[in-house]
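Asks: Please find my_file-v3.csv (CSV, C-alpha atoms) on the next line:
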```
chain,number,residue,atom,x,y,z
A,191,MET,CA,38.5,137.8,115.1
A,192,ARG,CA,35.6,139.3,116.9
A,193,ARG,CA,32.1,138.2,116.2
A,194,LEU,CA,29.1,140.1,114.9
A,195,MET,CA,25.5,139.8,116.1
A,196,ARG,CA,24.1,140.3,112.6
A,197,LEU,CA,25.4,139.8,109.1
A,198,ALA,CA,23.4,140.6,106.0
A,199,ALA,CA,22.9,138.0,103.3
A,200,ILE,CA,25.1,137.7,100.2
A,201,VAL,CA,23.3,139.6,97.5
A,202,GLY,CA,25.2,138.3,94.5
A,203,LEU,CA,28.6,137.9,92.8
A,204,GLY,CA,28.6,141.3,91.3
A,205,SER,CA,28.1,143.3,94.4
A,206,ALA,CA,29.5,143.8,97.9
A,207,ILE,CA,28.3,142.1,101.0
A,208,PHE,CA,27.0,144.5,103.6
A,209,ALA,CA,26.7,143.7,107.3
A,210,CYS,CA,25.9,145.7,110.5
A,211,GLU,CA,28.2,146.3,113.4
A,212,LYS,CA,27.5,144.6,116.7
A,213,SER,CA,25.5,147.0,118.8
A,214,ALA,CA,26.0,147.6,122.5
A,215,PRO,CA,23.2,146.6,124.9
A,216,VAL,CA,20.6,149.3,125.7
A,217,GLY,CA,22.0,151.6,128.4
A,218,SER,CA,25.6,150.4,128.0
A,219,THR,CA,28.5,152.7,127.4
A,220,THR,CA,30.5,150.0,125.6
A,221,LEU,CA,31.5,151.0,122.1
A,222,PRO,CA,30.3,148.9,119.1
A,223,THR,CA,32.7,146.2,117.9
A,224,LYS,CA,34.3,147.1,114.6
A,225,GLN,CA,33.7,144.5,111.9
A,226,VAL,CA,36.6,143.1,110.0
A,227,VAL,CA,36.4,144.1,106.3
A,228,VAL,CA,38.2,142.2,103.6
A,229,GLY,CA,38.4,143.0,99.9
A,230,PHE,CA,38.3,140.2,97.4
A,231,SER,CA,39.5,140.8,93.8
A,232,GLN,CA,38.5,137.7,91.7
A,233,ILE,CA,39.6,137.1,88.1
A,234,GLY,CA,36.1,136.5,86.9
A,235,ALA,CA,33.8,133.5,86.2
A,236,GLU,CA,35.5,131.8,83.3
A,237,SER,CA,35.0,128.3,84.6
A,238,GLY,CA,33.2,126.1,87.1
A,239,TRP,CA,36.4,125.9,89.0
A,240,ARG,CA,36.5,129.7,89.4
A,241,ALA,CA,32.9,129.8,90.5
A,242,ALA,CA,33.6,127.2,93.2
A,243,GLU,CA,36.6,129.2,94.4
A,244,THR,CA,34.4,132.4,94.6
A,245,GLY,CA,31.7,130.5,96.4
A,246,SER,CA,34.2,129.2,99.0
A,247,VAL,CA,35.5,132.7,99.8
A,248,LEU,CA,32.0,134.2,100.0
A,249,ALA,CA,30.7,131.4,102.2
A,250,GLU,CA,33.7,131.5,104.6
A,251,ALA,CA,33.4,135.3,105.0
A,252,LYS,CA,29.8,134.8,106.0
A,253,LYS,CA,30.6,132.0,108.3
A,254,ARG,CA,33.3,134.1,110.1
A,255,GLY,CA,31.3,137.3,110.3
A,256,VAL,CA,33.5,139.2,107.9
A,257,GLN,CA,32.2,142.0,105.7
A,258,LEU,CA,33.5,141.1,102.2
A,259,LYS,CA,33.8,143.6,99.4
A,260,PHE,CA,33.7,141.5,96.2
A,261,ALA,CA,35.0,142.7,92.9
A,262,ASP,CA,34.7,140.7,89.7
A,263,GLY,CA,37.6,141.5,87.4
A,264,GLN,CA,35.8,140.1,84.3
A,265,GLY,CA,39.1,138.6,83.1
A,266,LYS,CA,40.8,142.0,82.9
A,267,GLN,CA,43.9,142.9,85.0
A,268,ALA,CA,43.0,146.6,84.8
A,269,ASN,CA,39.8,145.9,86.6
A,270,GLN,CA,41.6,144.0,89.3
A,271,VAL,CA,44.2,146.8,89.8
A,272,GLN,CA,41.4,149.3,90.1
A,273,ALA,CA,39.6,147.1,92.7
A,274,ILE,CA,42.8,146.9,94.8
A,275,GLU,CA,43.2,150.7,94.7
A,276,GLN,CA,39.6,151.1,95.8
A,277,PHE,CA,40.1,148.6,98.6
A,278,VAL,CA,43.2,150.6,99.8
A,279,ALA,CA,41.2,153.8,99.6
A,280,GLN,CA,38.4,152.2,101.7
A,281,ASN,CA,41.1,151.1,104.2
A,282,VAL,CA,40.0,147.5,104.4
A,283,ASP,CA,41.7,145.2,106.9
A,284,ALA,CA,43.0,142.7,104.3
A,285,ILE,CA,42.8,141.9,100.6
A,286,ILE,CA,42.4,138.5,98.9
A,287,LEU,CA,43.6,138.5,95.3
A,288,ALA,CA,43.3,135.8,92.6
A,289,PRO,CA,45.4,137.4,89.9
A,290,VAL,CA,44.6,137.0,86.2
A,291,VAL,CA,48.2,137.1,85.1
A,292,GLY,CA,51.6,137.0,86.9
A,293,THR,CA,53.1,140.3,86.0
A,294,GLY,CA,52.2,144.0,86.4
A,295,TRP,CA,51.3,143.9,90.1
A,296,ASP,CA,54.2,145.9,91.6
A,297,ALA,CA,52.4,149.2,91.9
A,298,PRO,CA,49.0,148.1,93.3
A,299,LEU,CA,50.5,145.6,95.8
A,300,ALA,CA,53.2,148.1,96.9
A,301,LYS,CA,50.4,150.6,97.5
A,302,ALA,CA,48.5,148.1,99.7
A,303,LYS,CA,51.8,147.4,101.6
A,304,ARG,CA,52.4,151.1,102.3
A,305,ALA,CA,48.9,151.3,103.7
A,306,GLY,CA,49.5,148.4,106.0
A,307,ILE,CA,47.0,146.2,104.3
A,308,PRO,CA,48.1,142.5,104.0
A,309,VAL,CA,47.4,140.8,100.7
A,310,VAL,CA,46.7,137.1,100.5
A,311,LEU,CA,47.3,135.6,97.0
A,312,ILE,CA,45.2,132.6,96.1
A,313,ASP,CA,45.7,130.0,93.4
A,314,ARG,CA,48.1,132.0,91.2
A,315,ALA,CA,51.5,133.5,91.9
A,316,VAL,CA,52.8,136.9,90.8
A,317,GLU,CA,56.2,138.3,89.9
A,318,THR,CA,56.8,141.0,92.5
A,319,ASP,CA,58.9,141.7,95.6
A,320,PRO,CA,57.7,139.0,98.1
A,321,ALA,CA,57.4,141.8,100.7
A,322,ASN,CA,54.4,143.1,98.7
A,323,TYR,CA,52.2,140.3,99.8
A,324,ALA,CA,51.7,138.3,103.0
A,325,THR,CA,51.3,134.8,101.6
A,326,LEU,CA,50.5,132.7,98.5
A,327,ILE,CA,48.0,129.8,98.8
A,328,GLN,CA,48.0,127.5,95.8
A,329,SER,CA,48.5,124.0,94.4
A,330,ASP,CA,51.8,123.0,93.0
A,331,HIS,CA,51.0,123.6,89.3
A,332,VAL,CA,54.4,122.4,88.1
A,333,GLU,CA,54.0,119.1,89.9
A,334,ALA,CA,50.5,118.8,88.5
A,335,GLY,CA,51.9,118.9,85.0
A,336,ARG,CA,54.5,116.4,85.9
A,337,ALA,CA,51.9,114.0,87.3
A,338,VAL,CA,49.9,114.1,84.1
A,339,ALA,CA,53.0,113.5,82.0
A,340,ARG,CA,54.0,110.5,84.1
A,341,TRP,CA,50.6,109.0,83.8
A,342,LEU,CA,50.7,109.4,80.0
A,343,ILE,CA,54.1,107.8,79.7
A,344,GLU,CA,53.0,104.9,81.8
A,345,LYS,CA,49.7,104.5,80.0
A,346,THR,CA,51.1,104.6,76.5
A,347,GLY,CA,54.5,102.9,77.1
A,348,GLY,CA,56.2,106.2,76.3
A,349,LYS,CA,54.6,106.6,72.8
A,350,ALA,CA,52.2,109.4,72.2
A,351,VAL,CA,51.6,112.5,70.0
A,352,VAL,CA,50.1,115.2,72.1
A,353,VAL,CA,47.9,118.3,71.6
A,354,GLN,CA,48.4,120.7,74.5
A,355,LEU,CA,45.6,123.2,75.3
A,356,GLU,CA,47.2,125.9,77.4
A,357,GLY,CA,45.5,128.2,79.9
A,358,THR,CA,45.4,132.0,79.9
A,359,VAL,CA,48.6,133.4,78.4
A,360,GLY,CA,50.8,134.8,81.1
A,361,SER,CA,49.0,133.2,84.0
A,362,GLY,CA,51.0,131.3,86.6
A,363,PRO,CA,49.0,128.0,86.3
A,364,ALA,CA,49.4,128.0,82.5
A,365,ILE,CA,53.1,128.6,82.7
A,366,ASP,CA,53.7,126.0,85.4
A,367,ARG,CA,51.4,123.3,84.1
A,368,LYS,CA,53.1,123.5,80.7
A,369,LYS,CA,56.6,123.6,82.4
A,370,GLY,CA,56.0,120.5,84.5
A,371,PHE,CA,54.4,118.5,81.7
A,372,GLU,CA,57.1,119.3,79.1
A,373,GLU,CA,59.9,118.7,81.7
A,374,VAL,CA,58.8,115.1,82.2
A,375,ILE,CA,57.9,114.2,78.6
A,376,ALA,CA,61.4,115.4,77.6
A,377,THR,CA,62.6,112.2,79.3
A,378,ALA,CA,60.5,110.1,76.9
A,379,PRO,CA,61.7,110.3,73.3
A,380,GLY,CA,58.5,108.6,72.0
A,381,VAL,CA,56.2,111.4,73.4
A,382,THR,CA,56.0,114.5,71.3
A,383,ILE,CA,53.8,117.7,71.3
A,384,LEU,CA,52.3,118.2,67.9
A,385,ARG,CA,50.5,121.5,68.7
A,386,SER,CA,50.3,123.7,71.7
A,387,GLN,CA,47.8,126.6,71.8
A,388,SER,CA,45.9,128.6,74.4
A,389,GLY,CA,42.3,128.0,75.1
A,390,ASP,CA,42.2,130.6,77.8
A,391,PHE,CA,40.9,128.2,80.5
A,392,LYS,CA,37.4,128.4,78.8
A,393,LYS,CA,35.2,125.5,77.6
A,394,VAL,CA,34.0,127.3,74.5
A,395,THR,CA,37.5,128.4,73.5
A,396,GLY,CA,38.9,125.0,74.2
A,397,LYS,CA,36.3,123.5,71.8
A,398,GLN,CA,37.0,126.1,69.1
A,399,VAL,CA,40.8,125.6,69.4
A,400,MET,CA,40.4,121.8,69.3
A,401,GLU,CA,38.1,122.1,66.2
A,402,GLY,CA,40.8,124.1,64.4
A,403,ILE,CA,43.5,121.5,65.3
A,404,ILE,CA,41.3,118.6,64.2
A,405,ARG,CA,40.8,120.3,60.8
A,406,ALA,CA,44.5,120.8,60.4
A,407,GLU,CA,45.9,117.7,62.0
A,408,LYS,CA,43.1,115.1,62.0
A,409,GLY,CA,44.4,111.6,62.7
A,410,ALA,CA,47.9,112.9,63.6
A,411,PHE,CA,47.6,113.0,67.4
A,412,THR,CA,46.8,110.4,70.0
A,413,ALA,CA,46.4,112.4,73.2
A,414,VAL,CA,45.1,115.8,74.4
A,415,TYR,CA,46.5,117.5,77.5
A,416,ALA,CA,44.3,120.4,78.7
A,417,HIS,CA,45.5,122.7,81.5
A,418,ASN,CA,42.0,122.7,83.0
A,419,ASP,CA,38.7,120.7,83.0
A,420,ASP,CA,36.7,123.2,81.1
A,421,MET,CA,39.1,123.2,78.1
A,422,ALA,CA,39.2,119.4,78.3
A,423,LEU,CA,35.4,119.2,78.2
A,424,GLY,CA,35.3,121.5,75.2
A,425,ALA,CA,37.9,119.4,73.5
A,426,ILE,CA,35.9,116.3,74.2
A,427,GLN,CA,32.9,117.8,72.4
A,428,ALA,CA,35.0,118.7,69.4
A,429,LEU,CA,36.5,115.2,69.3
A,430,GLN,CA,33.1,113.6,69.5
A,431,GLU,CA,31.7,115.7,66.8
A,432,ALA,CA,34.6,114.7,64.6
A,433,GLY,CA,34.1,111.0,65.3
A,434,LEU,CA,37.5,110.7,67.1
A,435,SER,CA,36.3,108.7,70.2
A,436,PRO,CA,37.7,110.8,73.1
A,437,GLY,CA,38.9,108.5,75.9
A,438,GLU,CA,39.5,105.6,73.5
A,439,LYS,CA,41.1,106.6,70.2
A,440,VAL,CA,42.4,109.8,71.7
A,441,LEU,CA,43.4,110.0,75.4
A,442,VAL,CA,42.2,113.1,77.2
A,443,MET,CA,43.9,114.5,80.3
A,444,SER,CA,43.1,117.5,82.4
A,445,ILE,CA,43.8,119.4,85.7
A,446,ASP,CA,41.3,120.7,88.3
A,447,GLY,CA,39.2,117.6,89.2
A,448,GLY,CA,35.7,119.1,89.3
A,449,ARG,CA,32.5,117.0,89.2
A,450,GLU,CA,32.1,117.4,85.5
A,451,ALA,CA,35.5,115.9,84.9
A,452,PHE,CA,34.7,112.9,87.1
A,453,GLU,CA,31.4,112.5,85.3
A,454,ALA,CA,33.3,112.5,82.0
A,455,MET,CA,35.7,109.8,83.3
A,456,VAL,CA,32.7,107.7,84.4
A,457,ALA,CA,31.3,108.2,80.9
A,458,GLY,CA,34.6,107.1,79.4
A,459,THR,CA,35.5,110.3,77.5
A,460,LEU,CA,38.1,111.6,79.9
A,461,ASN,CA,41.0,109.4,81.0
A,462,CYS,CA,42.7,111.1,83.9
A,463,VAL,CA,42.6,114.3,85.9
A,464,MET,CA,44.9,115.9,88.4
A,465,GLU,CA,42.9,117.7,91.1
A,466,CYS,CA,43.5,121.4,92.0
A,467,ASN,CA,41.2,122.2,94.9
A,468,PRO,CA,39.4,125.6,94.5
A,469,LEU,CA,38.0,125.6,98.0
A,470,LEU,CA,40.5,128.1,99.3
A,471,GLY,CA,38.2,130.3,101.5
A,472,PRO,CA,39.1,128.6,104.8
A,473,ALA,CA,42.8,128.7,104.2
A,474,ALA,CA,42.7,132.4,103.1
A,475,PHE,CA,40.8,133.5,106.2
A,476,ASP,CA,43.0,131.4,108.5
A,477,ALA,CA,45.9,133.3,107.1
A,478,ILE,CA,44.2,136.7,107.6
A,479,GLU,CA,43.3,135.8,111.2
A,480,ALA,CA,46.9,134.7,111.9
A,481,ILE,CA,48.3,137.9,110.3
A,482,ARG,CA,46.0,140.1,112.3
A,483,ALA,CA,46.9,138.3,115.5
A,484,GLY,CA,50.6,138.9,114.8
A,485,ALA,CA,51.4,135.2,114.2
A,486,PRO,CA,53.9,134.1,111.6
A,487,VAL,CA,52.5,133.0,108.3
A,488,PRO,CA,54.5,131.1,105.7
A,489,LYS,CA,55.2,133.0,102.5
A,490,SER,CA,53.9,130.1,100.5
A,491,ILE,CA,51.3,127.5,101.5
A,492,SER,CA,50.9,124.5,99.1
A,493,GLN,CA,47.9,122.2,98.9
A,494,THR,CA,48.2,118.4,98.6
A,495,ASP,CA,46.4,117.2,95.4
A,496,ARG,CA,45.9,113.8,93.9
A,497,LEU,CA,45.7,112.3,90.4
A,498,PHE,CA,42.7,110.2,89.5
A,499,ASP,CA,42.0,108.0,86.5
A,500,ARG,CA,38.9,106.3,85.2
A,501,SER,CA,39.3,103.3,87.4
A,502,GLN,CA,38.7,105.5,90.5
A,503,ALA,CA,36.1,107.9,89.1
A,504,ALA,CA,32.9,106.2,90.0
A,505,ALA,CA,33.9,105.7,93.6
A,506,GLU,CA,35.2,109.2,94.0
A,507,LEU,CA,32.4,111.1,92.3
A,508,PRO,CA,29.8,111.1,95.1
A,509,GLY,CA,32.2,112.7,97.5
A,510,ARG,CA,33.4,115.6,95.2
A,511,ALA,CA,32.8,118.9,96.9
A,512,TYR,CA,33.0,120.9,93.7
```
Starting from the coordinates I provided, produce the structure as structure tokens.

Replies:
Amino acid sequence: MRRLMRLAAIVGLGSAIFACEKSAPVGSTTLPTKQVVVGFSQIGAESGWRAAETGSVLAEAKKRGVQLKFADGQGKQANQVQAIEQFVAQNVDAIILAPVVGTGWDAPLAKAKRAGIPVVLIDRAVETDPANYATLIQSDHVEAGRAVARWLIEKTGGKAVVVQLEGTVGSGPAIDRKKGFEEVIATAPGVTILRSQSGDFKKVTGKQVMEGIIRAEKGAFTAVYAHNDDMALGAIQALQEAGLSPGEKVLVMSIDGGREAFEAMVAGTLNCVMECNPLLGPAAFDAIEAIRAGAPVPKSISQTDRLFDRSQAAAELPGRAY
């Protein structure tokens, strides 16, 4: 990827990043170097994890001298589809897409493919012809659910009554984190799911859903499995307000592994977390550079994540990058 001499500063999440082309020296007949332009369609800003992912992509674009056109989908697929169509009309060099849900992408992605614009998916898969995108970079969400379930079985000796707070309905992580968790607990007859309800990956919604479950099922469950940190933190608030001692009387488990989750483990209110690294900017732009250079890129690129419990939290917290 060719460098720029100048790059304008990032002006905010809701707007595009503008940069100047590299100018030829005075008196030279050399033509200016064309800047690489990448469109980034982000789901929104529903969580701290999402904000960290956005920041990673924005920072990496700036570092590499890429003009990034940023579009905040505000949690709506229609907004993301419109953004992709605009990117195609603007003839960008590549598109990065974090899709809100897994279905309904055939038409916009096929349009980008016909235009010769590679699409790099990050953190969530989609149901479409694999030819419609260049690569998918994500964590193994099924394995994340399995890891949490294995921890719960070991911690409780295979006896627990679980409330499951699911992510956004129809999203790949919500589907896969549920699938992996339920696959493993099916091997432990003493572990059952009392209630399973979507909290939309949001802290406030997770708290509201947990409050409703507490009113209906108070005392009937011994563990809460949240598909992300934000819902877990919301659930912890609801449990505390109800006097149910999260982390002690009720085990609380989550996926993502942000700083707030580690702080909650240090405080004793969260028991374990499976990380899901949101800092995908470097990997996304590595893929774009390889694609533009004509190098082969795997259709799927998986991250290696780890599970942490309270015994590891204090030592790990200072080094958390998100």

Asks: Counting only C-alpha atoms, which of A:Arg336, A:Arg240, A:Lys489, A:Arg385 gets nearest to Tyr323 (chain A)?

Replies: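 Looking only at the distances to Tyr323 (chain A), the closest residue turns out to be A:Lys489.
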
Asks: Between CA of Gln270 (chain A) and CA of Pro289 (chain A), what distance in Å does the model show, to one decimal?

Replies: 7.6 Å

Asks: Give me the residues within 10 Å of region 353-360 of chain A as a PDB file with C-alpha atoms, in the frame of the given file, counting all atoms listed in the file and dropping any in the same chain fewer than 6 places off.

Replies:
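selection-v5.pdb written:
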```
ATOM      1  CA  GLY A 265      39.100 138.600  83.100  1.00  0.00           C
ATOM      2  CA  VAL A 290      44.600 137.000  86.200  1.00  0.00           C
ATOM      3  CA  VAL A 291      48.200 137.100  85.100  1.00  0.00           C
ATOM      4  CA  GLY A 292      51.600 137.000  86.900  1.00  0.00           C
ATOM      5  CA  THR A 293      53.100 140.300  86.000  1.00  0.00           C
ATOM      6  CA  ARG A 367      51.400 123.300  84.100  1.00  0.00           C
ATOM      7  CA  LYS A 368      53.100 123.500  80.700  1.00  0.00           C
ATOM      8  CA  PHE A 371      54.400 118.500  81.700  1.00  0.00           C
ATOM      9  CA  GLU A 372      57.100 119.300  79.100  1.00  0.00           C
ATOM     10  CA  THR A 382      56.000 114.500  71.300  1.00  0.00           C
ATOM     11  CA  ILE A 383      53.800 117.700  71.300  1.00  0.00           C
ATOM     12  CA  LEU A 384      52.300 118.200  67.900  1.00  0.00           C
ATOM     13  CA  ARG A 385      50.500 121.500  68.700  1.00  0.00           C
ATOM     14  CA  SER A 386      50.300 123.700  71.700  1.00  0.00           C
ATOM     15  CA  GLN A 387      47.800 126.600  71.800  1.00  0.00           C
ATOM     16  CA  SER A 388      45.900 128.600  74.400  1.00  0.00           C
ATOM     17  CA  GLY A 389      42.300 128.000  75.100  1.00  0.00           C
ATOM     18  CA  ASP A 390      42.200 130.600  77.800  1.00  0.00           C
ATOM     19  CA  PHE A 391      40.900 128.200  80.500  1.00  0.00           C
ATOM     20  CA  LYS A 392      37.400 128.400  78.800  1.00  0.00           C
ATOM     21  CA  THR A 395      37.500 128.400  73.500  1.00  0.00           C
ATOM     22  CA  GLY A 396      38.900 125.000  74.200  1.00  0.00           C
ATOM     23  CA  LYS A 397      36.300 123.500  71.800  1.00  0.00           C
ATOM     24  CA  VAL A 399      40.800 125.600  69.400  1.00  0.00           C
ATOM     25  CA  MET A 400      40.400 121.800  69.300  1.00  0.00           C
ATOM     26  CA  ILE A 403      43.500 121.500  65.300  1.00  0.00           C
ATOM     27  CA  ILE A 404      41.300 118.600  64.200  1.00  0.00           C
ATOM     28  CA  GLU A 407      45.900 117.700  62.000  1.00  0.00           C
ATOM     29  CA  ALA A 410      47.900 112.900  63.600  1.00  0.00           C
ATOM     30  CA  PHE A 411      47.600 113.000  67.400  1.00  0.00           C
ATOM     31  CA  THR A 412      46.800 110.400  70.000  1.00  0.00           C
ATOM     32  CA  ALA A 413      46.400 112.400  73.200  1.00  0.00           C
ATOM     33  CA  VAL A 414      45.100 115.800  74.400  1.00  0.00           C
ATOM     34  CA  TYR A 415      46.500 117.500  77.500  1.00  0.00           C
ATOM     35  CA  ALA A 416      44.300 120.400  78.700  1.00  0.00           C
ATOM     36  CA  HIS A 417      45.500 122.700  81.500  1.00  0.00           C
ATOM     37  CA  ASN A 418      42.000 122.700  83.000  1.00  0.00           C
ATOM     38  CA  MET A 421      39.100 123.200  78.100  1.00  0.00           C
ATOM     39  CA  ALA A 422      39.200 119.400  78.300  1.00  0.00           C
ATOM     40  CA  ALA A 425      37.900 119.400  73.500  1.00  0.00           C
ATOM     41  CA  VAL A 442      42.200 113.100  77.200  1.00  0.00           C
ATOM     42  CA  MET A 443      43.900 114.500  80.300  1.00  0.00           C
ATOM     43  CA  SER A 444      43.100 117.500  82.400  1.00  0.00           C
TER      44      SER A 444
END
```

Asks: Quick one: of A:Leu441, A:Ala315, A:Ala251, A:Ile491, who's nearest to Ile327 (chain A), counting all atoms listed in the file?

Replies: A:Ile491

Asks: Do a neighbour search on Ala477 (chain A) at 12 Å with only C-alpha atoms, toss out local chain neighbours closer than 6 positions, and write the hits as a list in words.

Replies: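 The filter keeps Met191, Ala284, Ile285, Ile286, Pro308, Val309, Val310, Leu311, Ile312, Tyr323, Ala324, Thr325, Leu326, Ile327, Leu470, Gly471, Ala483, Gly484, Ala485, Pro486, Val487, Pro488, Lys489, Ser490 and Ile491 of chain A.
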